[in-house]
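Coordinates as given in start.tsv (TSV, C-alpha atoms and all ligand atoms):
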```
chain	number	residue	atom	x	y	z
A	11	MET	CA	0.00	0.00	0.00
A	12	PRO	CA	1.48	3.46	-0.85
A	13	THR	CA	2.32	5.44	2.28
A	14	GLU	CA	-0.48	8.05	2.10
A	15	ARG	CA	-3.05	5.35	1.44
A	16	ALA	CA	-1.76	3.35	4.40
A	17	ALA	CA	-1.89	6.47	6.57
A	18	ALA	CA	-5.46	7.24	5.48
A	19	HIS	CA	-6.38	3.64	6.21
A	20	ALA	CA	-4.91	3.94	9.70
A	21	ARG	CA	-6.84	7.17	10.36
A	22	ALA	CA	-10.23	5.75	9.35
A	23	GLY	CA	-12.92	4.72	11.81
A	24	ALA	CA	-14.59	2.42	9.30
A	25	TYR	CA	-13.97	0.80	5.95
A	26	LEU	CA	-16.53	0.42	3.20
A	27	GLU	CA	-15.54	-2.22	0.67
A	28	VAL	CA	-17.44	-2.02	-2.61
A	29	ASP	CA	-17.08	-5.12	-4.73
A	30	LEU	CA	-17.28	-3.84	-8.31
A	31	SER	CA	-17.03	-7.34	-9.73
A	32	ALA	CA	-20.14	-8.34	-7.72
A	33	ILE	CA	-21.99	-5.34	-9.20
A	34	GLN	CA	-20.91	-6.51	-12.65
A	35	GLU	CA	-22.05	-10.03	-11.83
A	36	ASN	CA	-25.46	-8.62	-10.82
A	37	TYR	CA	-25.65	-6.73	-14.11
A	38	ARG	CA	-24.99	-10.00	-15.97
A	39	ARG	CA	-27.60	-11.87	-13.90
A	40	LEU	CA	-30.26	-9.26	-14.67
A	41	SER	CA	-29.28	-9.13	-18.36
A	42	GLY	CA	-29.51	-12.91	-18.53
A	43	ARG	CA	-33.00	-12.82	-17.04
A	44	LEU	CA	-34.06	-10.13	-19.52
A	45	GLY	CA	-33.18	-12.16	-22.60
A	46	ARG	CA	-33.45	-9.87	-25.62
A	47	ALA	CA	-34.49	-6.78	-23.69
A	48	GLU	CA	-31.76	-4.27	-22.91
A	49	CYS	CA	-30.53	-3.87	-19.35
A	50	ALA	CA	-29.83	-0.20	-18.57
A	51	ALA	CA	-28.50	0.93	-15.19
A	52	VAL	CA	-29.87	3.38	-12.64
A	53	VAL	CA	-26.96	5.19	-10.99
A	54	LYS	CA	-28.71	8.13	-9.33
A	55	ALA	CA	-27.77	9.30	-5.84
A	56	ASP	CA	-24.08	8.51	-6.42
A	57	ALA	CA	-24.94	4.99	-7.60
A	58	TYR	CA	-27.12	4.40	-4.53
A	59	GLY	CA	-24.35	5.68	-2.30
A	60	LEU	CA	-21.61	3.41	-3.62
A	61	GLY	CA	-19.69	5.94	-5.73
A	62	VAL	CA	-20.80	6.67	-9.29
A	63	ASN	CA	-17.27	7.43	-10.53
A	64	LYS	CA	-16.30	3.83	-9.90
A	65	VAL	CA	-19.63	2.08	-10.33
A	66	ALA	CA	-20.68	3.57	-13.70
A	67	PRO	CA	-17.45	2.58	-15.51
A	68	ALA	CA	-17.69	-0.91	-13.97
A	69	LEU	CA	-21.25	-1.25	-15.32
A	70	TRP	CA	-20.11	0.04	-18.70
A	71	ALA	CA	-17.38	-2.63	-18.75
A	72	ALA	CA	-20.10	-5.22	-17.99
A	73	GLY	CA	-22.11	-4.02	-21.02
A	74	ALA	CA	-24.44	-1.22	-19.81
A	75	ARG	CA	-24.76	1.57	-22.36
A	76	ARG	CA	-27.74	3.53	-21.05
A	77	PHE	CA	-27.76	5.13	-17.60
A	78	PHE	CA	-30.42	6.86	-15.54
A	79	VAL	CA	-29.97	9.55	-12.90
A	80	ALA	CA	-32.35	11.89	-11.08
A	81	LEU	CA	-30.69	15.27	-11.64
A	82	PRO	CA	-28.78	17.11	-14.38
A	83	ASP	CA	-25.72	17.48	-12.13
A	84	GLU	CA	-25.65	13.71	-11.67
A	85	ALA	CA	-25.81	13.29	-15.45
A	86	ILE	CA	-22.86	15.65	-15.94
A	87	ALA	CA	-20.90	13.53	-13.43
A	88	VAL	CA	-21.66	10.32	-15.37
A	89	ARG	CA	-20.81	11.91	-18.74
A	90	LYS	CA	-17.42	12.93	-17.29
A	91	VAL	CA	-16.46	9.31	-16.60
A	92	LEU	CA	-18.39	7.83	-19.57
A	93	PRO	CA	-18.29	10.41	-22.38
A	94	THR	CA	-20.13	8.22	-24.89
A	95	ALA	CA	-22.84	6.81	-22.60
A	96	GLN	CA	-26.47	7.85	-23.00
A	97	VAL	CA	-27.51	9.43	-19.71
A	98	PHE	CA	-31.18	10.15	-19.02
A	99	VAL	CA	-32.41	12.53	-16.33
A	100	LEU	CA	-35.52	11.03	-14.74
A	101	GLY	CA	-36.43	14.34	-13.13
A	102	GLY	CA	-37.11	15.83	-16.56
A	103	LEU	CA	-36.02	19.01	-18.29
A	104	PHE	CA	-35.09	21.49	-15.57
A	105	GLY	CA	-36.25	24.99	-16.51
A	106	GLY	CA	-33.27	27.33	-16.75
A	107	ALA	CA	-30.79	24.45	-17.21
A	108	GLU	CA	-31.75	23.60	-20.82
A	109	ARG	CA	-28.39	24.77	-22.18
A	110	ASP	CA	-26.57	22.34	-19.87
A	111	TYR	CA	-28.46	19.43	-21.41
A	112	LEU	CA	-27.20	20.51	-24.83
A	113	ALA	CA	-23.66	21.35	-23.75
A	114	HIS	CA	-23.17	18.01	-21.98
A	115	GLY	CA	-25.26	15.84	-24.29
A	116	ILE	CA	-27.69	14.96	-21.50
A	117	CYS	CA	-30.95	13.25	-22.45
A	118	PRO	CA	-34.09	14.43	-20.64
A	119	VAL	CA	-37.00	12.21	-19.71
A	120	LEU	CA	-39.79	14.59	-20.74
A	121	ASN	CA	-42.51	14.45	-18.13
A	122	SER	CA	-45.14	16.88	-19.43
A	123	LEU	CA	-46.40	18.59	-22.58
A	124	GLY	CA	-44.72	21.76	-21.27
A	125	GLU	CA	-41.34	20.00	-21.16
A	126	ILE	CA	-41.91	18.54	-24.64
A	127	ALA	CA	-42.59	22.05	-26.00
A	128	ALA	CA	-39.58	23.52	-24.19
A	129	TRP	CA	-37.33	20.79	-25.61
A	130	ARG	CA	-38.62	21.37	-29.14
A	131	ALA	CA	-37.85	25.06	-28.82
A	132	LEU	CA	-34.12	24.30	-28.51
A	133	PRO	CA	-31.90	24.04	-31.62
A	134	PRO	CA	-32.62	20.59	-33.15
A	135	ALA	CA	-29.04	19.95	-34.23
A	136	GLU	CA	-27.78	20.28	-30.65
A	137	ARG	CA	-30.46	18.16	-28.98
A	138	PRO	CA	-29.55	14.64	-27.84
A	139	PRO	CA	-32.31	11.99	-27.85
A	140	ALA	CA	-35.08	12.34	-25.29
A	141	ALA	CA	-37.57	9.93	-23.69
A	142	ILE	CA	-41.18	10.47	-22.72
A	143	GLN	CA	-42.58	9.28	-19.42
A	144	PHE	CA	-46.23	8.34	-19.11
A	145	ASP	CA	-47.77	8.20	-15.64
A	146	SER	CA	-49.44	4.78	-15.53
A	147	GLY	CA	-50.45	4.95	-11.88
A	148	LEU	CA	-47.71	6.27	-9.61
A	149	SER	CA	-49.05	9.85	-9.69
A	150	ARG	CA	-45.58	11.27	-9.37
A	151	LEU	CA	-43.84	12.14	-12.62
A	152	GLY	CA	-44.77	11.77	-16.28
A	153	LEU	CA	-47.64	12.75	-18.54
A	154	PRO	CA	-50.95	12.42	-16.70
A	155	ALA	CA	-53.88	10.85	-18.58
A	156	ASP	CA	-55.24	14.15	-19.99
A	157	GLU	CA	-51.85	15.21	-21.38
A	158	ALA	CA	-51.25	11.71	-22.76
A	159	ALA	CA	-54.62	11.92	-24.55
A	160	ARG	CA	-53.68	15.29	-26.09
A	161	LEU	CA	-50.40	13.84	-27.33
A	162	ILE	CA	-52.19	10.85	-28.86
A	163	ASP	CA	-54.63	13.23	-30.59
A	164	ASP	CA	-51.83	15.41	-31.91
A	165	PRO	CA	-48.58	13.49	-32.43
A	166	SER	CA	-47.21	16.55	-34.28
A	167	LEU	CA	-46.39	17.87	-30.78
A	168	LEU	CA	-43.39	15.54	-31.01
A	169	GLU	CA	-42.23	16.67	-34.44
A	170	GLY	CA	-38.47	17.06	-34.69
A	171	ILE	CA	-37.76	15.30	-31.39
A	172	GLU	CA	-35.45	12.30	-31.60
A	173	LEU	CA	-37.26	9.92	-29.26
A	174	GLY	CA	-35.23	7.13	-27.69
A	175	PHE	CA	-38.14	5.37	-25.95
A	176	LEU	CA	-41.34	5.71	-23.97
A	177	MET	CA	-41.28	4.84	-20.30
A	178	SER	CA	-43.32	4.42	-17.15
A	179	HIS	CA	-42.58	3.31	-13.58
A	180	LEU	CA	-44.22	0.71	-11.35
A	181	ALA	CA	-45.58	1.58	-7.91
A	182	CYS	CA	-45.75	-1.88	-6.28
A	183	ALA	CA	-43.32	-4.08	-8.24
A	184	GLU	CA	-41.90	-5.73	-5.10
A	185	GLU	CA	-45.36	-7.13	-4.33
A	186	GLN	CA	-45.79	-9.89	-6.94
A	187	GLU	CA	-49.54	-10.16	-6.47
A	188	HIS	CA	-50.40	-6.47	-6.25
A	189	PRO	CA	-53.27	-5.70	-8.66
A	190	LEU	CA	-51.75	-2.33	-9.58
A	191	ASN	CA	-48.91	-4.11	-11.41
A	192	SER	CA	-51.08	-5.48	-14.20
A	193	ARG	CA	-53.23	-2.33	-14.28
A	194	GLN	CA	-50.13	-0.19	-14.86
A	195	ARG	CA	-48.78	-2.62	-17.45
A	196	GLN	CA	-52.08	-2.46	-19.33
A	197	ALA	CA	-52.23	1.35	-19.18
A	198	PHE	CA	-48.63	1.62	-20.41
A	199	SER	CA	-49.22	-0.90	-23.23
A	200	ASP	CA	-52.34	1.02	-24.33
A	201	PHE	CA	-50.37	4.28	-24.41
A	202	CYS	CA	-47.45	2.73	-26.32
A	203	ARG	CA	-49.76	1.14	-28.89
A	204	ARG	CA	-50.52	4.66	-30.12
A	205	PHE	CA	-46.83	5.14	-30.95
A	206	PRO	CA	-45.95	2.04	-32.95
A	207	ARG	CA	-42.30	1.10	-33.37
A	208	MET	CA	-41.30	3.20	-30.35
A	209	ARG	CA	-39.11	1.36	-27.81
A	210	ARG	CA	-40.56	0.96	-24.32
A	211	SER	CA	-39.01	0.94	-20.84
A	212	PHE	CA	-41.00	-0.19	-17.81
A	213	ALA	CA	-39.39	-2.54	-15.28
A	214	ASN	CA	-37.20	-1.54	-12.35
A	215	SER	CA	-35.31	-4.26	-10.38
A	216	SER	CA	-38.40	-5.93	-8.93
A	217	GLY	CA	-40.30	-5.44	-12.19
A	218	ILE	CA	-37.76	-7.67	-13.95
A	219	PHE	CA	-38.84	-10.50	-11.61
A	220	LEU	CA	-42.55	-10.05	-12.35
A	221	GLY	CA	-42.09	-11.96	-15.60
A	222	PRO	CA	-41.29	-11.39	-19.28
A	223	GLU	CA	-44.53	-9.50	-19.92
A	224	TYR	CA	-43.06	-6.72	-17.75
A	225	HIS	CA	-39.73	-6.55	-19.59
A	226	PHE	CA	-40.71	-4.62	-22.74
A	227	ASP	CA	-37.54	-3.34	-24.53
A	228	ILE	CA	-35.41	-1.66	-21.87
A	229	ALA	CA	-35.30	-2.39	-18.12
A	230	ARG	CA	-34.04	0.11	-15.54
A	231	PRO	CA	-32.71	-1.75	-12.50
A	232	GLY	CA	-31.07	0.08	-9.65
A	233	VAL	CA	-31.11	-1.54	-6.21
A	234	ALA	CA	-30.64	-5.13	-7.47
A	235	LEU	CA	-27.37	-4.11	-9.13
A	236	TYR	CA	-26.14	-3.10	-5.69
A	237	GLY	CA	-27.21	-6.33	-3.97
A	238	GLY	CA	-30.62	-5.29	-2.61
A	239	ASN	CA	-33.23	-8.07	-2.74
A	240	PRO	CA	-35.68	-7.41	-5.61
A	241	THR	CA	-37.89	-10.29	-4.43
A	242	PRO	CA	-38.67	-9.53	-0.76
A	243	GLY	CA	-39.78	-12.62	1.16
A	244	CYS	CA	-37.83	-14.93	-1.17
A	245	GLU	CA	-34.14	-15.73	-1.26
A	246	ASN	CA	-32.09	-12.85	-2.65
A	247	PRO	CA	-31.07	-13.74	-6.23
A	248	MET	CA	-28.41	-11.01	-6.27
A	249	ALA	CA	-24.79	-11.08	-5.10
A	250	SER	CA	-23.93	-8.98	-2.09
A	251	CYS	CA	-21.68	-6.05	-3.05
A	252	ILE	CA	-20.62	-4.26	0.10
A	253	ARG	CA	-18.89	-4.91	3.37
A	254	LEU	CA	-18.77	-2.27	6.10
A	255	ARG	CA	-16.30	-2.77	8.93
A	256	SER	CA	-15.47	-0.50	11.81
A	257	ARG	CA	-12.76	-0.52	14.42
A	258	ILE	CA	-13.16	-1.07	18.14
A	259	LEU	CA	-11.78	1.98	19.94
A	260	GLN	CA	-12.02	0.82	23.54
A	261	VAL	CA	-13.16	-2.12	25.67
A	262	ARG	CA	-14.32	-1.81	29.30
A	263	ASP	CA	-15.89	-3.99	31.98
A	264	ILE	CA	-18.93	-2.62	33.76
A	265	ALA	CA	-20.59	-3.89	36.93
A	266	ARG	CA	-24.15	-5.12	37.31
A	267	GLY	CA	-26.48	-2.10	37.53
A	268	GLU	CA	-24.28	0.25	35.47
A	269	SER	CA	-25.81	1.78	32.37
A	270	VAL	CA	-24.49	2.34	28.85
A	271	GLY	CA	-24.81	5.38	26.59
A	272	TYR	CA	-27.02	8.47	26.32
A	273	GLY	CA	-30.35	8.20	28.10
A	274	ALA	CA	-29.07	5.16	30.05
A	275	THR	CA	-31.35	2.94	27.95
A	276	PHE	CA	-29.37	-0.24	28.74
A	277	THR	CA	-28.51	-1.39	32.24
A	278	ALA	CA	-26.24	-4.37	32.79
A	279	ALA	CA	-28.04	-7.26	34.51
A	280	GLN	CA	-24.66	-8.83	35.29
A	281	PRO	CA	-20.99	-7.90	34.92
A	282	THR	CA	-20.67	-7.01	31.24
A	283	ARG	CA	-17.88	-6.23	28.78
A	284	ILE	CA	-18.58	-3.31	26.47
A	285	ALA	CA	-16.74	-2.58	23.21
A	286	THR	CA	-17.08	0.89	21.69
A	287	VAL	CA	-16.96	1.05	17.89
A	288	ALA	CA	-16.08	4.07	15.69
A	289	THR	CA	-19.31	4.39	13.66
A	290	GLY	CA	-22.54	6.22	14.47
A	291	TYR	CA	-25.65	7.73	13.03
A	292	ALA	CA	-23.56	10.45	11.36
A	293	ASP	CA	-22.27	7.63	9.17
A	294	GLY	CA	-25.79	6.61	8.17
A	295	TYR	CA	-26.07	3.79	10.70
A	296	SER	CA	-29.65	4.28	11.89
A	297	ARG	CA	-30.11	5.35	15.51
A	298	TYR	CA	-33.25	3.24	15.39
A	299	LEU	CA	-31.00	0.16	15.73
A	300	SER	CA	-30.09	1.17	19.31
A	301	ASN	CA	-30.60	-1.91	21.53
A	302	ILE	CA	-31.95	-3.79	18.46
A	303	GLY	CA	-29.12	-4.21	15.95
A	304	ARG	CA	-26.38	-6.78	15.90
A	305	LEU	CA	-22.87	-6.84	14.49
A	306	TRP	CA	-20.34	-9.56	13.83
A	307	LEU	CA	-16.96	-9.84	15.47
A	308	ALA	CA	-15.08	-12.69	13.81
A	309	ASP	CA	-17.68	-15.50	14.01
A	310	TYR	CA	-19.48	-14.04	17.02
A	311	CYS	CA	-22.78	-12.23	16.68
A	312	VAL	CA	-22.78	-9.34	19.17
A	313	PRO	CA	-25.76	-7.18	20.17
A	314	ILE	CA	-25.80	-3.39	20.16
A	315	VAL	CA	-26.51	-2.18	23.69
A	316	GLY	CA	-27.42	1.38	24.60
A	317	ARG	CA	-28.15	4.22	22.22
A	318	ILE	CA	-26.24	4.64	19.00
A	319	SER	CA	-24.66	8.08	19.15
A	320	MET	CA	-23.33	10.35	16.41
A	321	ASP	CA	-19.96	8.64	16.09
A	322	LEU	CA	-20.11	5.56	18.29
A	323	ILE	CA	-21.86	2.23	18.79
A	324	THR	CA	-21.56	0.20	22.00
A	325	LEU	CA	-21.62	-3.62	21.90
A	326	ASP	CA	-21.98	-6.32	24.52
A	327	VAL	CA	-18.91	-8.50	23.95
A	328	SER	CA	-19.16	-10.42	27.25
A	329	GLY	CA	-17.72	-13.91	27.06
A	330	LEU	CA	-15.78	-13.32	23.84
A	331	PRO	CA	-12.05	-14.18	23.83
A	332	ALA	CA	-10.09	-11.04	24.80
A	333	ASP	CA	-7.86	-11.31	21.73
A	334	ILE	CA	-10.94	-10.95	19.53
A	335	SER	CA	-12.72	-8.10	21.29
A	336	MET	CA	-9.82	-5.73	21.64
A	337	PRO	CA	-9.07	-2.17	20.52
A	338	GLY	CA	-8.19	-2.10	16.83
A	339	ALA	CA	-10.23	-5.20	16.01
A	340	LEU	CA	-12.69	-4.80	13.13
A	341	VAL	CA	-16.39	-5.44	13.54
A	342	ASP	CA	-18.65	-6.23	10.56
A	343	LEU	CA	-21.66	-3.90	10.37
A	344	ILE	CA	-22.88	-4.81	6.89
A	345	GLY	CA	-21.92	-7.83	4.81
A	346	ASP	CA	-22.96	-11.36	3.93
A	347	ARG	CA	-24.20	-12.14	7.45
A	348	GLU	CA	-25.98	-8.86	8.11
A	349	THR	CA	-27.19	-7.64	4.75
A	350	VAL	CA	-28.56	-4.24	3.77
A	351	ASP	CA	-32.01	-5.86	3.67
A	352	ASP	CA	-31.58	-7.32	7.20
A	353	ILE	CA	-30.61	-3.91	8.52
A	354	ALA	CA	-33.42	-2.18	6.66
A	355	GLU	CA	-35.99	-4.56	8.09
A	356	LYS	CA	-34.80	-4.01	11.67
A	357	ALA	CA	-34.63	-0.25	11.17
A	358	GLY	CA	-38.13	-0.10	9.68
A	359	THR	CA	-36.90	1.08	6.29
A	360	ILE	CA	-35.77	-0.26	2.90
A	361	ALA	CA	-32.39	-1.31	1.49
A	362	TYR	CA	-32.43	1.81	-0.72
A	363	GLU	CA	-32.33	4.07	2.31
A	364	VAL	CA	-29.62	2.04	4.05
A	365	LEU	CA	-27.43	2.23	0.93
A	366	THR	CA	-27.99	5.89	0.11
A	367	SER	CA	-27.41	6.90	3.75
A	368	LEU	CA	-23.93	5.39	3.86
A	369	GLY	CA	-21.78	8.23	5.11
A	370	GLY	CA	-18.87	10.16	3.74
A	371	ARG	CA	-16.44	9.33	6.56
A	372	PHE	CA	-15.75	5.75	5.60
A	373	HIS	CA	-12.46	4.85	4.02
A	374	ARG	CA	-13.66	3.39	0.72
A	375	ILE	CA	-12.00	0.40	-0.86
A	376	TYR	CA	-13.05	-0.67	-4.37
A	377	LYS	CA	-12.49	-4.32	-5.25
A	378	GLU	CA	-12.13	-4.94	-8.96
A	379	ALA	CA	-12.14	-8.17	-10.87
B	401	LIG	C1	-38.13	5.99	-12.69
B	401	LIG	C2	-37.26	4.98	-12.02
B	401	LIG	N1	-36.86	3.91	-12.72
B	401	LIG	C3	-36.07	2.95	-12.16
B	401	LIG	C4	-35.66	3.06	-10.84
B	401	LIG	C5	-34.82	1.96	-10.25
B	401	LIG	O1	-35.58	1.30	-9.29
B	401	LIG	P1	-34.99	0.07	-8.44
B	401	LIG	O2	-33.88	0.63	-7.64
B	401	LIG	O3	-36.13	-0.37	-7.63
B	401	LIG	O4	-34.53	-0.94	-9.43
B	401	LIG	C6	-36.07	4.16	-10.09
B	401	LIG	C7	-35.65	4.26	-8.68
B	401	LIG	O5	-36.28	4.74	-7.82
B	401	LIG	C8	-36.88	5.14	-10.69
B	401	LIG	O6	-37.30	6.21	-10.00
```
Now, as a test, write the supplied structure out as structure tokens.
Ligand SMILES: Cc1ncc(COP(=O)(O)O)c(C=O)c1O
Amino acid sequence: MPTERAAAHARAGAYLEVDLSAIQENYRRLSGRLGRAECAAVVKADAYGLGVNKVAPALWAAGARRFFVALPDEAIAVRKVLPTAQVFVLGGLFGGAERDYLAHGICPVLNSLGEIAAWRALPPAERPPAAIQFDSGLSRLGLPADEAARLIDDPSLLEGIELGFLMSHLACAEEQEHPLNSRQRQAFSDFCRRFPRMRRSFANSSGIFLGPEYHFDIARPGVALYGGNPTPGCENPMASCIRLRSRILQVRDIARGESVGYGATFTAAQPTRIATVATGYADGYSRYLSNIGRLWLADYCVPIVGRISMDLITLDVSGLPADISMPGALVDLIGDRETVDDIAEKAGTIAYEVLTSLGGRFHRIYKEA
């Protein structure tokens, strides 16, 4: 390890390993499931917190050519590392930023008739391809039914626009049996039928697992690429991509009746050994896991006791060999044994939030094939 890297490693409280080859493997698994449909990649929010500058090129190397982000600034970041990729902004055409779309070759997902008109008003020769989003039932972004009807009545509203595809987004894809899935699919199919030969994009990660009738021409997975389970309640078909480890700073023995942490929410029922670890809610580790979460120290599962504070977590390491629970030892917070989905479930949230909350203080290590 070069000296500065070694020094930075020594200064870190926690280490986030991102396995780029596992992300590539997940891309291949999803592509394989999609058959002839194209697998794009959603890399918004810094590739779900894992680092878009590393993740997007890894996905490109695995075969992804079309990328989706939420904001124009995110698109500019992707174009910097992948100058020839097609990058679509799901949030639409941001008023006042139109020139940036042209200057950086950013493709907007046009979400309203107003955005379609604004895009057409820009110089045709400078405009990259655009997409059109139809709201099939999420009531969030995209053409609502009345605007979709006006577009169907007057397709000349699209004249001069190079259209890459039509798209829509599922509301309940992770619930296989939810009736809204087929209703949205039907509404999207009906809309697309009015624009024959246009390519169609519908499925997110979970949508891919709803079956081939949800695949259309282009899928847009995000969380499954990063190891989140797209089929909740069933075994996760994706490879896990991250490992988060943090160092023990101090170990102490407390007597029966002594309490641990802010608010004294844990009181020792017997003599107890406490290890204090250098990660807290400022690192995105939910405070909700106070007295609920568990970590792994070597092969030992250890409970969190007391409140999680901004920078620290306290663990009950009673009974563990002293050479395992000692200052400097690394504890696993997230990994194969405690996955992002496990943590999300305990914290009353979803894997997406666990991933995108991962903090900026970790020393990041990218594992490549
Ligand atoms: C429009 C759209 N498409 C695709 C995705 C990717 O979804 P997922 O991460 O569930 O695969 C998202 C993410 O929220 C989205 O907003």
Inset, instruction - Name each residue within 6 Å of ligand LIG 401 (chain B), counting all atoms listed in the file, as number ranges by chain. - result: A: 52, 179, 214-215, 230-233
Inset, instruction - Go ahead and compute the interatomic distance for atom CA of Ala279 of chain A and atom CA of Met336 of chain A, in Å to one decimal. - result: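 Separating atom CA of Ala279 of chain A from atom CA of Met336 of chain A is a distance of 22.4 Å.
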Legend entry - Spatial neighbours of Arg262 of chain A, 9 Å, all atoms listed in the file, chain gap at least 2 places, as a list in words: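 Surrounding residues, per the criterion: Gln260, Ile264, Thr282, Arg283, Ile284, Ala285 and Thr286 of chain A.
Coordinates place atom CA of Arg209 of chain A at a distance of 22.0 Å from atom CA of Asp156 of chain A.
The protein and nucleic acid residues lying at most 9 Å from Glu268 of chain A are Ile264, Ala274, Phe276, Thr277, Ala278, Ala279 and Pro281 of chain A, with all atoms listed in the file considered and sequence neighbours fewer than 4 positions away removed.
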Give me the residues within 10 Å of segment 347-351 of chain A as a short mmCIF file (atom, residue, chain, number, x, y, z; two decimals) with C-alpha atoms, keeping the file's coordinate frame, counting only C-alpha atoms and dropping any in the same chain fewer than 3 places off.
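Once everything was written out, this is selection.cif:
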```
data_model
loop_
_atom_site.label_atom_id
_atom_site.label_comp_id
_atom_site.auth_asym_id
_atom_site.auth_seq_id
_atom_site.Cartn_x
_atom_site.Cartn_y
_atom_site.Cartn_z
CA TYR A 236 -26.14 -3.10 -5.69
CA GLY A 237 -27.21 -6.33 -3.97
CA GLY A 238 -30.62 -5.29 -2.61
CA ASN A 239 -33.23 -8.07 -2.74
CA PRO A 242 -38.67 -9.53 -0.76
CA ASN A 246 -32.09 -12.85 -2.65
CA SER A 250 -23.93 -8.98 -2.09
CA CYS A 251 -21.68 -6.05 -3.05
CA ILE A 252 -20.62 -4.26 0.10
CA ARG A 253 -18.89 -4.91 3.37
CA LEU A 254 -18.77 -2.27 6.10
CA GLY A 303 -29.12 -4.21 15.95
CA ARG A 304 -26.38 -6.78 15.90
CA LEU A 305 -22.87 -6.84 14.49
CA TRP A 306 -20.34 -9.56 13.83
CA ASP A 309 -17.68 -15.50 14.01
CA CYS A 311 -22.78 -12.23 16.68
CA ASP A 342 -18.65 -6.23 10.56
CA LEU A 343 -21.66 -3.90 10.37
CA ILE A 344 -22.88 -4.81 6.89
CA ALA A 354 -33.42 -2.18 6.66
CA GLU A 355 -35.99 -4.56 8.09
CA LYS A 356 -34.80 -4.01 11.67
CA ALA A 357 -34.63 -0.25 11.17
CA THR A 359 -36.90 1.08 6.29
CA ILE A 360 -35.77 -0.26 2.90
CA ALA A 361 -32.39 -1.31 1.49
CA TYR A 362 -32.43 1.81 -0.72
CA GLU A 363 -32.33 4.07 2.31
CA VAL A 364 -29.62 2.04 4.05
CA LEU A 365 -27.43 2.23 0.93
#
```
Legend entry - Contacts of Ala292 of chain A within 8 Å, all atoms listed in the file, excl. fewer than 6 positions in-chain, as a ChimeraX atom specification: /A:320-321,369
Inset, instruction - For atom CA of Ser319 of chain A and atom CA of Tyr291 of chain A, determine how far apart the two atoms are, in Å to one decimal place. - result: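 Rounded to one decimal, the two atoms are 6.2 Å apart.
Compared by their closest atoms to Ser328 of chain A, and using all atoms listed in the file, the residues A:Ala80, A:Val261, A:Val270, A:Gly345 rank with A:Val261 nearest.
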Legend entry - Neighbour list for segment 19-27 of chain A as JSON, numbers by chain, cut-off 10 Å, all atoms listed in the file, skip fewer than 3 positions in-chain: {"A": [11, 13, 14, 15, 16, 30, 60, 251, 252, 253, 254, 255, 256, 257, 258, 259, 287, 288, 289, 293, 321, 322, 338, 340, 341, 342, 343, 344, 345, 368, 369, 371, 372, 373, 374, 375, 376, 377]}
Output of the above residues as a PDB file, in the frame of the given file, restricted to C-alpha atoms:
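Output contents, as saved in result16.pdb:
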```
ATOM      1  CA  MET A  11       0.000   0.000   0.000  1.00  0.00           C
ATOM      2  CA  THR A  13       2.320   5.440   2.280  1.00  0.00           C
ATOM      3  CA  GLU A  14      -0.480   8.050   2.100  1.00  0.00           C
ATOM      4  CA  ARG A  15      -3.050   5.350   1.440  1.00  0.00           C
ATOM      5  CA  ALA A  16      -1.760   3.350   4.400  1.00  0.00           C
ATOM      6  CA  LEU A  30     -17.280  -3.840  -8.310  1.00  0.00           C
ATOM      7  CA  LEU A  60     -21.610   3.410  -3.620  1.00  0.00           C
ATOM      8  CA  CYS A 251     -21.680  -6.050  -3.050  1.00  0.00           C
ATOM      9  CA  ILE A 252     -20.620  -4.260   0.100  1.00  0.00           C
ATOM     10  CA  ARG A 253     -18.890  -4.910   3.370  1.00  0.00           C
ATOM     11  CA  LEU A 254     -18.770  -2.270   6.100  1.00  0.00           C
ATOM     12  CA  ARG A 255     -16.300  -2.770   8.930  1.00  0.00           C
ATOM     13  CA  SER A 256     -15.470  -0.500  11.810  1.00  0.00           C
ATOM     14  CA  ARG A 257     -12.760  -0.520  14.420  1.00  0.00           C
ATOM     15  CA  ILE A 258     -13.160  -1.070  18.140  1.00  0.00           C
ATOM     16  CA  LEU A 259     -11.780   1.980  19.940  1.00  0.00           C
ATOM     17  CA  VAL A 287     -16.960   1.050  17.890  1.00  0.00           C
ATOM     18  CA  ALA A 288     -16.080   4.070  15.690  1.00  0.00           C
ATOM     19  CA  THR A 289     -19.310   4.390  13.660  1.00  0.00           C
ATOM     20  CA  ASP A 293     -22.270   7.630   9.170  1.00  0.00           C
ATOM     21  CA  ASP A 321     -19.960   8.640  16.090  1.00  0.00           C
ATOM     22  CA  LEU A 322     -20.110   5.560  18.290  1.00  0.00           C
ATOM     23  CA  GLY A 338      -8.190  -2.100  16.830  1.00  0.00           C
ATOM     24  CA  LEU A 340     -12.690  -4.800  13.130  1.00  0.00           C
ATOM     25  CA  VAL A 341     -16.390  -5.440  13.540  1.00  0.00           C
ATOM     26  CA  ASP A 342     -18.650  -6.230  10.560  1.00  0.00           C
ATOM     27  CA  LEU A 343     -21.660  -3.900  10.370  1.00  0.00           C
ATOM     28  CA  ILE A 344     -22.880  -4.810   6.890  1.00  0.00           C
ATOM     29  CA  GLY A 345     -21.920  -7.830   4.810  1.00  0.00           C
ATOM     30  CA  LEU A 368     -23.930   5.390   3.860  1.00  0.00           C
ATOM     31  CA  GLY A 369     -21.780   8.230   5.110  1.00  0.00           C
ATOM     32  CA  ARG A 371     -16.440   9.330   6.560  1.00  0.00           C
ATOM     33  CA  PHE A 372     -15.750   5.750   5.600  1.00  0.00           C
ATOM     34  CA  HIS A 373     -12.460   4.850   4.020  1.00  0.00           C
ATOM     35  CA  ARG A 374     -13.660   3.390   0.720  1.00  0.00           C
ATOM     36  CA  ILE A 375     -12.000   0.400  -0.860  1.00  0.00           C
ATOM     37  CA  TYR A 376     -13.050  -0.670  -4.370  1.00  0.00           C
ATOM     38  CA  LYS A 377     -12.490  -4.320  -5.250  1.00  0.00           C
TER      39      LYS A 377
END
```
